[in-house]
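Asker: Contents of structure10.txt (compact mmCIF, C-alpha atoms and all ligand atoms) are given next:
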# COMPACT_ATOMS: atom_id res chain seq x y z
CA MET A 1 167.04 -41.18 37.63
CA SER A 2 168.97 -40.32 34.48
CA THR A 3 170.10 -43.03 32.07
CA PRO A 4 173.74 -43.86 31.14
CA ALA A 5 173.09 -42.45 27.64
CA PHE A 6 172.02 -39.17 29.22
CA HIS A 7 175.21 -39.08 31.33
CA GLU A 8 177.31 -39.52 28.22
CA ALA A 9 175.44 -36.81 26.33
CA VAL A 10 175.85 -34.43 29.25
CA SER A 11 179.58 -34.95 29.68
CA ARG A 12 180.03 -34.50 25.94
CA SER A 13 178.14 -31.20 25.98
CA PHE A 14 179.84 -29.68 29.06
CA ASP A 15 182.65 -27.48 27.75
CA ILE A 16 185.05 -26.80 30.63
CA GLY A 17 187.30 -24.76 28.29
CA TRP A 18 184.46 -22.34 27.52
CA VAL A 19 183.47 -22.21 31.19
CA ARG A 20 186.94 -21.26 32.38
CA GLU A 21 187.29 -18.59 29.68
CA GLN A 22 184.27 -16.81 31.20
CA PHE A 23 186.07 -16.37 34.57
CA PRO A 24 189.06 -14.00 34.16
CA SER A 25 190.17 -14.36 37.80
CA LEU A 26 190.95 -18.05 37.29
CA GLN A 27 194.15 -16.87 35.57
CA LEU A 28 195.68 -15.79 38.89
CA ARG A 29 199.07 -17.30 39.73
CA VAL A 30 200.57 -17.82 43.21
CA ASN A 31 204.31 -18.41 43.68
CA GLY A 32 204.55 -19.41 40.02
CA GLU A 33 201.63 -21.90 40.24
CA PRO A 34 198.18 -21.39 38.74
CA ALA A 35 195.64 -20.64 41.47
CA ALA A 36 193.19 -23.49 42.17
CA PHE A 37 190.01 -21.96 43.57
CA LEU A 38 188.68 -24.72 45.82
CA ASP A 39 187.13 -22.08 48.11
CA GLY A 40 183.77 -21.88 46.29
CA PRO A 41 181.63 -22.57 49.39
CA ALA A 42 182.80 -19.25 50.84
CA GLY A 43 182.12 -17.42 47.57
CA THR A 44 182.62 -18.28 43.92
CA GLN A 45 184.53 -16.44 41.21
CA VAL A 46 182.62 -14.21 38.85
CA PRO A 47 182.26 -14.45 35.06
CA ARG A 48 183.09 -11.42 32.93
CA GLN A 49 179.38 -10.93 32.16
CA VAL A 50 178.78 -10.02 35.81
CA MET A 51 181.64 -7.50 35.90
CA ASP A 52 180.36 -5.95 32.64
CA ALA A 53 176.84 -5.63 34.01
CA VAL A 54 178.06 -3.80 37.14
CA GLN A 55 180.06 -1.41 34.97
CA LYS A 56 177.14 -0.91 32.58
CA TYR A 57 174.94 -0.01 35.53
CA PHE A 58 177.29 2.82 36.53
CA LEU A 59 177.65 4.02 32.94
CA GLU A 60 174.00 3.95 31.86
CA GLN A 61 171.56 3.37 34.72
CA ASN A 62 173.01 4.88 37.89
CA ALA A 63 170.24 6.61 39.86
CA ASN A 64 167.91 5.97 42.74
CA THR A 65 164.54 4.41 41.93
CA TYR A 66 161.16 5.92 41.05
CA GLY A 67 162.49 9.25 39.71
CA ALA A 68 160.92 10.99 36.70
CA PHE A 69 163.99 10.77 34.49
CA ARG A 70 165.81 8.31 32.27
CA THR A 71 168.49 6.74 34.49
CA SER A 72 166.04 6.31 37.34
CA ARG A 73 163.55 4.57 35.05
CA ARG A 74 166.35 2.39 33.77
CA SER A 75 167.23 1.45 37.35
CA ASN A 76 163.65 0.37 37.94
CA GLU A 77 163.61 -1.61 34.70
CA MET A 78 166.89 -3.26 35.63
CA ILE A 79 165.55 -4.30 39.07
CA SER A 80 162.37 -5.74 37.46
CA ALA A 81 164.47 -7.64 34.95
CA THR A 82 166.62 -9.11 37.73
CA ARG A 83 163.52 -10.10 39.68
CA GLY A 84 162.37 -11.92 36.56
CA ALA A 85 165.72 -13.70 36.29
CA MET A 86 165.66 -14.76 39.94
CA ALA A 87 162.02 -15.85 39.53
CA ASP A 88 163.21 -18.21 36.80
CA LEU A 89 165.98 -19.49 39.06
CA PHE A 90 163.58 -20.06 41.98
CA HIS A 91 160.60 -21.02 39.75
CA CYS A 92 158.26 -18.45 41.29
CA SER A 93 156.61 -15.17 40.44
CA PRO A 94 158.83 -12.02 40.26
CA ASP A 95 156.91 -10.35 43.11
CA GLU A 96 157.94 -13.22 45.37
CA VAL A 97 161.64 -12.27 44.96
CA VAL A 98 163.25 -10.03 47.60
CA PHE A 99 166.78 -8.59 47.46
CA GLY A 100 168.90 -7.95 50.53
CA GLN A 101 172.41 -7.35 51.73
CA ASN A 102 173.13 -11.05 52.32
CA MET A 103 171.34 -14.15 53.58
CA THR A 104 172.14 -13.41 57.22
CA THR A 105 170.63 -9.92 57.14
CA ILE A 106 167.55 -11.16 55.27
CA THR A 107 167.04 -13.99 57.75
CA LEU A 108 167.45 -11.74 60.79
CA GLY A 109 164.78 -9.39 59.35
CA LEU A 110 162.41 -12.20 58.41
CA ALA A 111 162.80 -13.88 61.81
CA ARG A 112 161.82 -10.62 63.55
CA ALA A 113 158.80 -10.25 61.28
CA ILE A 114 157.70 -13.87 61.82
CA GLY A 115 158.30 -13.35 65.54
CA ARG A 116 155.51 -10.74 65.52
CA GLU A 117 153.05 -13.59 64.86
CA LEU A 118 154.43 -15.95 67.50
CA LYS A 119 153.43 -16.27 71.15
CA PRO A 120 155.17 -17.80 74.16
CA GLY A 121 155.13 -21.59 73.93
CA ASP A 122 155.15 -21.68 70.09
CA GLU A 123 157.94 -23.86 68.77
CA VAL A 124 160.60 -23.53 66.04
CA VAL A 125 162.61 -26.53 64.80
CA LEU A 126 166.28 -26.00 63.85
CA THR A 127 169.12 -28.41 63.04
CA LEU A 128 172.70 -29.07 64.10
CA LEU A 129 173.74 -29.37 60.45
CA ASP A 130 172.97 -25.77 59.60
CA HIS A 131 175.09 -22.67 59.15
CA ASP A 132 174.62 -20.38 62.13
CA ALA A 133 172.78 -17.87 59.93
CA ASN A 134 169.95 -20.41 59.88
CA PHE A 135 170.15 -20.94 63.62
CA SER A 136 170.88 -17.81 65.67
CA PRO A 137 168.28 -15.54 63.97
CA TRP A 138 165.57 -18.06 64.93
CA ARG A 139 167.02 -18.77 68.35
CA ALA A 140 166.76 -15.05 69.10
CA LEU A 141 162.98 -15.64 69.22
CA GLU A 142 163.52 -17.29 72.62
CA GLU A 143 163.37 -13.70 73.92
CA LYS A 144 159.64 -13.82 73.08
CA GLY A 145 159.14 -17.14 74.87
CA VAL A 146 159.39 -19.22 71.69
CA VAL A 147 160.72 -22.75 72.34
CA ILE A 148 163.58 -23.94 70.11
CA ARG A 149 163.81 -27.67 69.27
CA THR A 150 167.06 -28.84 67.69
CA VAL A 151 167.38 -31.83 65.35
CA ASP A 152 170.47 -34.01 65.71
CA ILE A 153 172.64 -35.54 62.98
CA ARG A 154 173.76 -39.11 62.36
CA GLU A 155 177.46 -38.78 63.08
CA SER A 156 178.52 -41.67 60.82
CA ASP A 157 177.54 -39.87 57.59
CA CYS A 158 176.64 -36.33 58.73
CA THR A 159 173.04 -36.61 57.58
CA LEU A 160 170.03 -35.23 59.42
CA ASP A 161 168.32 -37.65 61.82
CA LEU A 162 164.84 -37.57 60.29
CA ASP A 163 163.34 -39.67 63.11
CA ASP A 164 164.57 -37.03 65.52
CA LEU A 165 163.13 -34.33 63.28
CA GLN A 166 159.75 -36.02 63.22
CA SER A 167 159.77 -36.41 67.00
CA LYS A 168 160.32 -32.65 67.36
CA LEU A 169 157.22 -31.73 65.31
CA ASN A 170 153.87 -31.20 67.01
CA SER A 171 150.85 -28.90 66.95
CA LYS A 172 152.89 -26.09 68.58
CA THR A 173 155.52 -26.11 65.79
CA LYS A 174 155.24 -22.89 63.79
CA LEU A 175 158.38 -23.07 61.65
CA VAL A 176 161.02 -25.55 60.52
CA ALA A 177 164.27 -23.91 59.37
CA VAL A 178 166.55 -26.28 57.49
CA GLY A 179 169.45 -26.10 55.06
CA TYR A 180 169.16 -27.48 51.52
CA ALA A 181 172.83 -28.53 51.61
CA SER A 182 175.49 -28.35 54.32
CA ASN A 183 178.23 -25.80 53.67
CA ALA A 184 180.59 -27.87 55.83
CA VAL A 185 180.14 -31.50 54.79
CA GLY A 186 178.08 -31.28 51.58
CA THR A 187 175.04 -33.31 52.73
CA ILE A 188 171.93 -32.53 50.66
CA ASN A 189 168.89 -32.72 52.91
CA PRO A 190 165.56 -34.23 51.71
CA VAL A 191 163.93 -30.81 51.88
CA ALA A 192 160.80 -31.77 49.89
CA GLU A 193 160.10 -34.53 52.40
CA ILE A 194 160.84 -32.18 55.31
CA ALA A 195 158.48 -29.58 53.81
CA LYS A 196 155.69 -32.18 53.77
CA LEU A 197 156.38 -33.12 57.40
CA ALA A 198 156.42 -29.45 58.44
CA HIS A 199 153.17 -28.70 56.62
CA ALA A 200 151.50 -31.81 58.03
CA ALA A 201 152.27 -30.39 61.49
CA GLY A 202 150.80 -27.03 60.43
CA ALA A 203 154.21 -25.30 60.36
CA MET A 204 155.95 -23.18 57.73
CA ILE A 205 159.29 -24.22 56.26
CA PHE A 206 162.26 -21.91 55.66
CA ILE A 207 165.02 -23.38 53.48
CA ASP A 208 168.58 -22.07 53.46
CA ALA A 209 169.68 -22.83 49.89
CA VAL A 210 172.85 -20.71 50.08
CA HIS A 211 175.14 -23.69 49.76
CA TYR A 212 172.92 -25.66 47.39
CA ALA A 213 172.39 -22.92 44.77
CA PRO A 214 175.69 -23.38 42.85
CA HIS A 215 175.23 -27.16 42.85
CA GLY A 216 171.67 -27.90 41.87
CA PRO A 217 168.39 -26.55 40.46
CA ILE A 218 165.91 -24.93 42.83
CA ASP A 219 162.16 -25.33 42.38
CA VAL A 220 160.22 -23.61 45.13
CA LYS A 221 156.92 -24.72 43.56
CA ALA A 222 157.88 -28.38 43.55
CA LEU A 223 159.26 -28.08 47.09
CA ASP A 224 156.15 -26.17 48.15
CA CYS A 225 158.36 -24.26 50.61
CA ASP A 226 157.23 -21.08 52.35
CA PHE A 227 160.59 -19.31 52.21
CA LEU A 228 163.93 -20.04 50.58
CA VAL A 229 167.09 -17.94 50.66
CA CYS A 230 170.30 -17.98 48.68
CA SER A 231 173.23 -15.62 48.12
CA PRO A 232 174.30 -14.77 44.56
CA TYR A 233 177.97 -14.52 45.54
CA LYS A 234 177.89 -18.30 46.04
CA PHE A 235 176.57 -18.87 42.51
CA PHE A 236 178.88 -16.73 40.38
CA GLY A 237 177.26 -13.40 41.17
CA PRO A 238 177.95 -10.39 43.40
CA HIS A 239 177.89 -10.17 47.21
CA MET A 240 174.17 -10.00 47.98
CA GLY A 241 171.35 -12.16 49.31
CA THR A 242 167.97 -13.07 47.80
CA LEU A 243 164.78 -14.41 49.32
CA TYR A 244 161.85 -16.29 47.86
CA GLY A 245 158.73 -15.85 49.97
CA LYS A 246 155.31 -17.31 49.20
CA LYS A 247 153.14 -14.36 48.21
CA GLU A 248 150.53 -15.02 50.92
CA HIS A 249 153.24 -14.82 53.61
CA LEU A 250 155.01 -11.76 52.17
CA GLU A 251 151.63 -10.01 52.07
CA ARG A 252 150.45 -11.12 55.52
CA LEU A 253 153.62 -10.67 57.58
CA LYS A 254 154.66 -7.19 58.66
CA PRO A 255 158.32 -6.37 58.00
CA TYR A 256 160.03 -3.71 60.13
CA LYS A 257 160.24 -0.70 57.81
CA VAL A 258 160.24 3.10 57.61
CA ARG A 259 156.95 4.88 56.84
CA PRO A 260 157.63 6.45 53.42
CA ALA A 261 158.96 3.17 51.98
CA ALA A 262 156.60 1.09 49.82
CA ASP A 263 153.94 -0.93 51.60
CA THR A 264 153.57 -3.29 48.66
CA ILE A 265 155.45 -6.56 48.12
CA PRO A 266 158.21 -7.26 47.41
CA GLU A 267 159.66 -3.75 48.01
CA CYS A 268 158.29 -3.48 51.55
CA TRP A 269 160.77 -6.24 52.47
CA GLU A 270 163.77 -4.41 50.99
CA THR A 271 165.21 -2.11 53.63
CA GLY A 272 166.65 1.23 52.48
CA THR A 273 168.42 1.90 49.21
CA GLN A 274 169.46 -1.31 47.48
CA VAL A 275 172.93 -1.99 46.04
CA MET A 276 171.60 -1.48 42.54
CA GLU A 277 174.85 -2.13 40.69
CA LEU A 278 175.02 -5.55 42.32
CA ILE A 279 171.40 -6.31 41.51
CA ALA A 280 172.45 -5.70 37.89
CA GLY A 281 175.24 -8.21 38.49
CA ILE A 282 172.77 -10.81 39.81
CA HIS A 283 170.87 -10.66 36.53
CA ALA A 284 174.11 -11.29 34.65
CA ALA A 285 174.98 -14.23 36.91
CA VAL A 286 171.64 -15.90 36.16
CA GLU A 287 172.12 -15.17 32.45
CA TYR A 288 175.59 -16.73 32.61
CA ILE A 289 174.12 -19.98 33.99
CA ALA A 290 171.40 -19.86 31.34
CA GLU A 291 173.99 -19.32 28.60
CA LEU A 292 175.88 -22.36 29.84
CA GLY A 293 172.59 -24.29 29.69
CA ARG A 294 171.91 -23.21 26.11
CA ARG A 295 175.38 -24.38 25.12
CA CYS A 296 174.75 -27.74 26.82
CA ASP A 297 171.33 -28.13 25.21
CA PRO A 298 170.63 -25.78 22.27
CA SER A 299 167.03 -27.07 22.06
CA VAL A 300 165.89 -25.35 25.29
CA ARG A 301 163.06 -22.90 24.73
CA ASP A 302 163.19 -20.48 27.64
CA ARG A 303 165.46 -19.27 30.43
CA ARG A 304 164.09 -21.62 33.09
CA ALA A 305 164.72 -24.59 30.77
CA ALA A 306 168.21 -23.24 30.03
CA LEU A 307 168.96 -23.01 33.76
CA LEU A 308 167.80 -26.59 34.27
CA ALA A 309 169.97 -27.73 31.34
CA ALA A 310 172.98 -25.99 32.90
CA TYR A 311 172.47 -27.69 36.24
CA GLY A 312 171.85 -31.01 34.47
CA SER A 313 175.37 -30.85 33.09
CA THR A 314 177.18 -29.28 36.06
CA VAL A 315 175.73 -31.83 38.51
CA GLU A 316 177.21 -34.64 36.40
CA TYR A 317 180.51 -32.85 35.92
CA GLU A 318 180.91 -32.00 39.61
CA ARG A 319 180.13 -35.60 40.50
CA THR A 320 183.01 -36.82 38.33
CA LEU A 321 185.37 -34.47 40.18
CA LEU A 322 183.89 -35.46 43.54
CA THR A 323 184.35 -39.18 42.89
CA ARG A 324 188.02 -38.61 42.09
CA LEU A 325 188.49 -36.32 45.08
CA ILE A 326 186.91 -38.64 47.66
CA ALA A 327 188.69 -41.75 46.36
CA GLY A 328 192.01 -39.87 46.56
CA LEU A 329 191.33 -38.48 50.03
CA LEU A 330 190.37 -41.86 51.46
CA ALA A 331 193.71 -43.25 50.29
CA ILE A 332 195.66 -40.76 52.45
CA PRO A 333 196.84 -42.51 55.63
CA GLY A 334 195.49 -41.05 58.88
CA LEU A 335 192.84 -38.88 57.18
CA ARG A 336 189.45 -38.49 58.92
CA PHE A 337 186.57 -37.96 56.49
CA PHE A 338 183.26 -36.34 57.47
CA GLY A 339 180.04 -37.12 55.61
CA ILE A 340 178.80 -39.41 52.84
CA ARG A 341 181.65 -41.29 51.15
CA ASP A 342 179.89 -44.09 49.25
CA PRO A 343 179.67 -43.18 45.51
CA LYS A 344 176.30 -44.97 45.32
CA ARG A 345 174.94 -42.26 47.64
CA PHE A 346 176.45 -39.23 45.86
CA ALA A 347 172.96 -37.98 44.90
CA GLU A 348 172.61 -37.23 48.63
CA ARG A 349 175.58 -34.90 48.68
CA CYS A 350 177.26 -32.13 46.72
CA SER A 351 180.92 -31.58 45.94
CA THR A 352 181.90 -29.93 49.24
CA VAL A 353 184.12 -32.12 51.38
CA SER A 354 185.58 -31.76 54.86
CA VAL A 355 188.43 -33.75 56.37
CA ARG A 356 191.07 -33.73 59.08
CA LEU A 357 194.53 -34.93 58.34
CA GLY A 358 196.56 -37.20 60.57
CA LYS A 359 199.00 -34.41 61.33
CA GLY A 360 198.82 -30.66 61.92
CA THR A 361 195.75 -28.50 62.30
CA PRO A 362 193.32 -27.59 59.49
CA THR A 363 194.95 -24.13 59.47
CA ASP A 364 198.38 -25.72 58.98
CA ALA A 365 197.08 -27.72 56.03
CA ALA A 366 195.24 -24.74 54.47
CA THR A 367 198.38 -22.59 54.82
CA PHE A 368 200.56 -25.29 53.23
CA LEU A 369 198.10 -25.55 50.32
CA GLY A 370 197.70 -21.77 50.03
CA GLU A 371 201.43 -21.32 49.53
CA ARG A 372 201.15 -23.74 46.61
CA GLY A 373 198.29 -21.75 45.05
CA ILE A 374 195.55 -24.13 46.26
CA PHE A 375 192.77 -22.22 48.03
CA THR A 376 190.82 -24.16 50.66
CA TRP A 377 189.18 -23.19 53.96
CA ASP A 378 189.82 -24.23 57.52
CA GLY A 379 187.70 -23.80 60.66
CA ASN A 380 183.93 -24.10 61.17
CA PHE A 381 182.60 -21.86 58.33
CA TYR A 382 179.92 -20.79 60.84
CA ALA A 383 178.56 -24.36 60.93
CA LEU A 384 179.42 -24.09 64.59
CA ASN A 385 176.86 -26.59 65.94
CA LEU A 386 178.25 -29.21 63.58
CA THR A 387 181.95 -28.79 64.42
CA GLU A 388 181.01 -28.86 68.11
CA ARG A 389 178.86 -31.98 67.61
CA LEU A 390 181.72 -33.69 65.72
CA GLY A 391 184.12 -32.79 68.53
CA VAL A 392 186.56 -30.85 66.33
CA GLU A 393 185.69 -27.24 67.20
CA LYS A 394 188.30 -26.81 69.93
CA SER A 395 191.09 -28.23 67.78
CA GLY A 396 190.59 -26.00 64.74
CA GLY A 397 187.55 -27.46 62.98
CA VAL A 398 188.06 -29.12 59.61
CA LEU A 399 189.75 -28.54 56.26
CA ARG A 400 187.12 -27.87 53.59
CA VAL A 401 187.54 -28.40 49.85
CA GLY A 402 184.77 -27.07 47.64
CA LEU A 403 184.45 -27.97 43.97
CA VAL A 404 182.24 -26.07 41.55
CA HIS A 405 181.81 -26.47 37.80
CA TYR A 406 184.83 -24.30 36.89
CA ASN A 407 187.22 -26.62 38.75
CA THR A 408 189.13 -29.36 36.94
CA THR A 409 190.45 -32.89 37.44
CA GLN A 410 193.98 -31.43 37.26
CA GLU A 411 193.18 -29.21 40.24
CA VAL A 412 191.83 -32.20 42.17
CA ASP A 413 195.02 -34.14 41.41
CA ARG A 414 197.20 -31.21 42.46
CA LEU A 415 195.32 -30.95 45.74
CA LEU A 416 195.64 -34.68 46.43
CA ALA A 417 199.38 -34.65 45.68
CA ALA A 418 199.90 -31.64 47.97
CA LEU A 419 197.88 -33.23 50.79
CA LYS A 420 199.94 -36.42 50.50
CA GLU A 421 203.11 -34.32 50.68
CA PHE A 422 201.75 -32.45 53.73
CA SER A 423 200.77 -35.68 55.46
CA ALA A 424 204.15 -37.27 54.81
CA SER A 425 206.27 -34.23 55.78
C1 LIG B 501 174.77 -22.57 54.09
C2 LIG B 501 174.97 -21.11 54.36
N1 LIG B 501 173.98 -20.40 54.89
C3 LIG B 501 174.09 -19.09 55.13
C4 LIG B 501 175.26 -18.42 54.87
C5 LIG B 501 175.33 -16.96 55.16
O1 LIG B 501 175.17 -16.28 53.94
P1 LIG B 501 175.50 -14.73 53.81
O2 LIG B 501 177.00 -14.62 53.77
O3 LIG B 501 174.86 -14.36 52.51
O4 LIG B 501 174.91 -14.04 54.97
C6 LIG B 501 176.34 -19.11 54.32
C7 LIG B 501 177.62 -18.44 54.08
O5 LIG B 501 178.65 -19.05 54.02
C8 LIG B 501 176.19 -20.49 54.05
O6 LIG B 501 177.18 -21.21 53.52
Could you show the structure in this file as C-alpha cells?

Answerer:
Amino acid sequence: MSTPAFHEAVSRSFDIGWVREQFPSLQLRVNGEPAAFLDGPAGTQVPRQVMDAVQKYFLEQNANTYGAFRTSRRSNEMISATRGAMADLFHCSPDEVVFGQNMTTITLGLARAIGRELKPGDEVVLTLLDHDANFSPWRALEEKGVVIRTVDIRESDCTLDLDDLQSKLNSKTKLVAVGYASNAVGTINPVAEIAKLAHAAGAMIFIDAVHYAPHGPIDVKALDCDFLVCSPYKFFGPHMGTLYGKKEHLERLKPYKVRPAADTIPECWETGTQVMELIAGIHAAVEYIAELGRRCDPSVRDRRAALLAAYGSTVEYERTLLTRLIAGLLAIPGLRFFGIRDPKRFAERCSTVSVRLGKGTPTDAATFLGERGIFTWDGNFYALNLTERLGVEKSGGVLRVGLVHYNTTQEVDRLLAALKEFSAS
C-alpha cells in the first residue's frame, strides 16, 4: 500500500496539461462543445509520437523483412526495438513477445494451437465476466471433446466468484482463461491468486489484459502467467494485438503456419506479413508512457522503471476522477449501478463504469450525450455473458463510461450534468 505522502507527491507530479498536449485529437469539437472522449475502453486516442512513428516508418523504413538492403534491415531493427519495448511493458524477454492483428485473432490462433495438445475430456475454465474474445475461441475446443467449465460472478458487485472458480478446477483442467480487468464493469480480478490456483491444479493460465493495460502495470514474471494478451490501441497505440507467451510454451506448441515462414519463436507465431508501420507505432506508444513516467519521476533509471512510474501516477489520477464520477452517478435518481461502488475497494476496480438510467435505453442516453460532444458506449461491448447474466442484454445492455489518464474532472462534471438533464427530461 502507498502512503499519503506518496499520493501527494504523485498528484503533484502528474501534469494533465502536458498529457493533453500530446494528444492532438482531444481538440475535436462537436456542436460547438469540446469533445470528451469517455470511450477509452473501446480504443484510446493516440499521442503525436505514435502518428510521427507511423509516418517515419513509411518515409525511412518501408520494406518487407529479411531483405539484403537498407530499408528492409531497418524494418527488422524497428521490429526488434518494438519487441524490446513490449518486453519492458510485459516484464519478459523480447523473444516472448508476439505481434498480431488484434487480441481476438491472436487468441483464436493460440486456442487452435493449444487444442492440438488437448484430448477429449480435458477441461478449460472460462468466466462470465470476460469479453467474448476470451470465451468463444476456447469454447470452440468443444469440437475436440474438450469440456468447458464456466465461473459465475457475484451479482452484487460484479466480481468473480472465486469459490466457484476453485470448485471448477481439478486434475483434468488444462487451461484457465481469465480477464485481468472487465471491459464492461471495471472489476480487476485477482489474477496472481488465480494463476496460483490454476498452476496448483496443473493447468496453464491465459490472461486477457486488454482492458487492464491502460490502467495498470503488467508484470508477467510476478504473475507467473503462461500467456497474457493486450491490444496497443487500448493503451494509446495503433490498432494491433500483442501476446506474451512463456518461452517454453511458445517453443513447445505448434502454431498453424505456412512452410517457408520462420520456425523459430517468436516469428513462427506471427502469421503472414505484419503491419509494420503499426508495429513502429506500438514502440512509440510504449515510449510515450515511459516519457510520462520520466516526467513524473525524473530519478528513474531505465524504461521499465519509467513505465512503472507512469502507471504509479495515472492509477492515482484515474482514481480521483473515478471517485468523483461514482459519487455523482449514485446521486442520480433511478440510476442502476453495476460493479464495485465503495471507495474503500477501488483498488479492486479500474475507472470503467457501467450504469442504466431510470429512463430511456442505453442507446438513447449515449445518443443524447454524443450530441453534446460526450462520447460513451452503449450495449454489451462483447461482454455478452455478463449482460445476459445481469439480465440487461435484451433491453439494450448498459451505458459505459471509460476514464483514462487524459480525461479531466471538468469532463466528469459535464457528463454528470448531462446525465442529470437526460434523466430529468
Ligand atoms: C477485455 C477485452 N478483451 C478482448 C478484446 C478484443 O480485443 P481486440 O479488439 O484486440 O480483438 C477487447 C476489446 O474491446 C476487450 O475489451

Asker: Taking all atoms listed in the file into account, which residues are within 10 Å of ligand LIG 501 (chain B), as a ChimeraX atom specification?

Answerer: /A:40-43,100-108,129-135,178-184,186,207-213,229-234,239-242,381-383

Asker: Around all listed atoms of range 224-242 of chain A, padded 8 Å per side, what centre and edge lengths does the axis-aligned box have in Å to one decimal, as AutoDock Vina command-line options?

Answerer:
--center_x 167.5 --center_y -18.1 --center_z 46.4 --size_x 38.7 --size_y 32.2 --size_z 28.0

Asker: Have a look at A:Cys268, A:Ile332, A:Asp157, A:Arg349 and name the one nearest to Pro190 in chain A; count all atoms listed in the file.

Answerer: A:Arg349

Asker: Could you name the residues that touch Leu403 in chain A at 9 Å or less, counting all atoms listed in the file, but leaving out those on the same chain fewer than 6 positions away, as a list of chain:residue names?

Answerer: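 The neighbour list is A:Phe37, A:Leu38, A:Asp39, A:Gly40, A:Pro41, A:Glu318, A:Leu321, A:Leu322, A:Cys350, A:Ser351, A:Thr352, A:Val353, A:Val412.
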
Asker: Separation of CA of Asn31 in chain A and CA of Gly370 in chain A, in Å?

Answerer: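 Atom-to-atom, CA of Asn31 in chain A and CA of Gly370 in chain A are spaced 9.8 Å apart.
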
Asker: How far is it from CA of Pro120 in chain A to CA of Ala177 in chain A, in Å with one decimal?

Answerer: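 If I compute the distance from CA of Pro120 in chain A to CA of Ala177 in chain A, I get 18.4 Å.
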
Asker: Rank nothing, just name the residue among A:Met51, A:Leu419, A:Val392, A:Ala284 nearest to Asp364 in chain A, using all atoms listed in the file.

Answerer: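 The shortest atom-to-atom distance to Asp364 in chain A comes from A:Leu419.
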
Asker: Which of these, A:Val355, A:Leu329, A:Ile340, A:Leu59, has the shortest distance to Lys420 in chain A once you count all atoms listed in the file?

Answerer: A:Leu329

Asker: Near Leu253 in chain A, within 7 Å and counting only C-alpha atoms, which residues show up once chain neighbours fewer than 4 positions away are dropped, as a VMD selection string?

Answerer: chain A and resid 113 to 114 249

Asker: Every residue with an atom at most 12 Å from (165.5, -6.4, 43.6) (file coordinates; all atoms listed in the file) is what I'm after, so could you write them as JSON, numbers by chain?

Answerer: {"A": [65, 75, 76, 77, 78, 79, 80, 81, 82, 83, 84, 85, 86, 87, 94, 95, 96, 97, 98, 99, 100, 101, 240, 241, 242, 243, 244, 265, 266, 267, 268, 269, 270, 271, 272, 273, 274, 275, 276, 277, 278, 279, 280, 281, 282, 283]}

Asker: Go through A:Glu155, A:Asp163, A:Glu411, A:Asp263 and flag the residue nearest Glu33 in chain A, using only C-alpha atoms for the distances.

Answerer: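 Checking each of A:Glu155, A:Asp163, A:Glu411, A:Asp263 against Glu33 in chain A, counting only C-alpha atoms, the winner is A:Glu411.
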
Asker: When you count all atoms listed in the file, which of these residues is closest to Pro24 in chain A: A:Gly328, A:Pro362, A:Pro137, A:Pro47?

Answerer: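 Of A:Gly328, A:Pro362, A:Pro137, A:Pro47, the one nearest Pro24 in chain A, counting all atoms listed in the file, is A:Pro47.
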
Asker: Skip Asp413 in chain A itself and residues of its chain fewer than 5 positions away, then list as a list in words all residues within 9 Å of it, counting only C-alpha atoms.

Answerer: Arg324, Leu325, Gly328, Thr408 and Ala418 of chain A

Asker: Do you have the CA of Asn407 in chain A-CA of Thr320 in chain A distance handy?

Answerer: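 Interatomic distance, CA of Asn407 in chain A to CA of Thr320 in chain A: 11.0 Å.
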
Asker: Got a sec: who's within 10 Å of Arg154 in chain A, counting all atoms listed in the file, leaving out chain neighbours fewer than 6 positions off, as a short mmCIF file (atom, residue, chain, number, x, y, z; two decimals) with C-alpha atoms, keeping the file's coordinate frame?

Answerer:
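result_36.cif, freshly written:
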data_model
loop_
_atom_site.label_atom_id
_atom_site.label_comp_id
_atom_site.auth_asym_id
_atom_site.auth_seq_id
_atom_site.Cartn_x
_atom_site.Cartn_y
_atom_site.Cartn_z
CA LEU A 129 173.74 -29.37 60.45
CA LEU A 160 170.03 -35.23 59.42
CA ASP A 161 168.32 -37.65 61.82
CA LEU A 162 164.84 -37.57 60.29
CA ASP A 164 164.57 -37.03 65.52
CA GLY A 339 180.04 -37.12 55.61
#

Asker: Give the answer as one residue: which of A:Arg372, A:Leu335, A:Lys344, A:Cys92 has the shortest atom-to-atom distance to Leu223 in chain A, using all atoms listed in the file?

Answerer: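 Of all the options, A:Cys92 lies closest to Leu223 in chain A.
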
Asker: If you count only C-alpha atoms, which residues fall within 6 Å of Phe236 in chain A, apart from same-chain ones fewer than 3 positions away, as a ChimeraX atom specification?

Answerer: /A:44-46,233,285

Asker: Given the point (187.9, -26.3, 52.6) in the coordinates of this file, which residues lie within 6 Å, counting only C-alpha atoms, and how would they look as a ChimeraX atom specification?

Answerer: /A:376-378,399-402
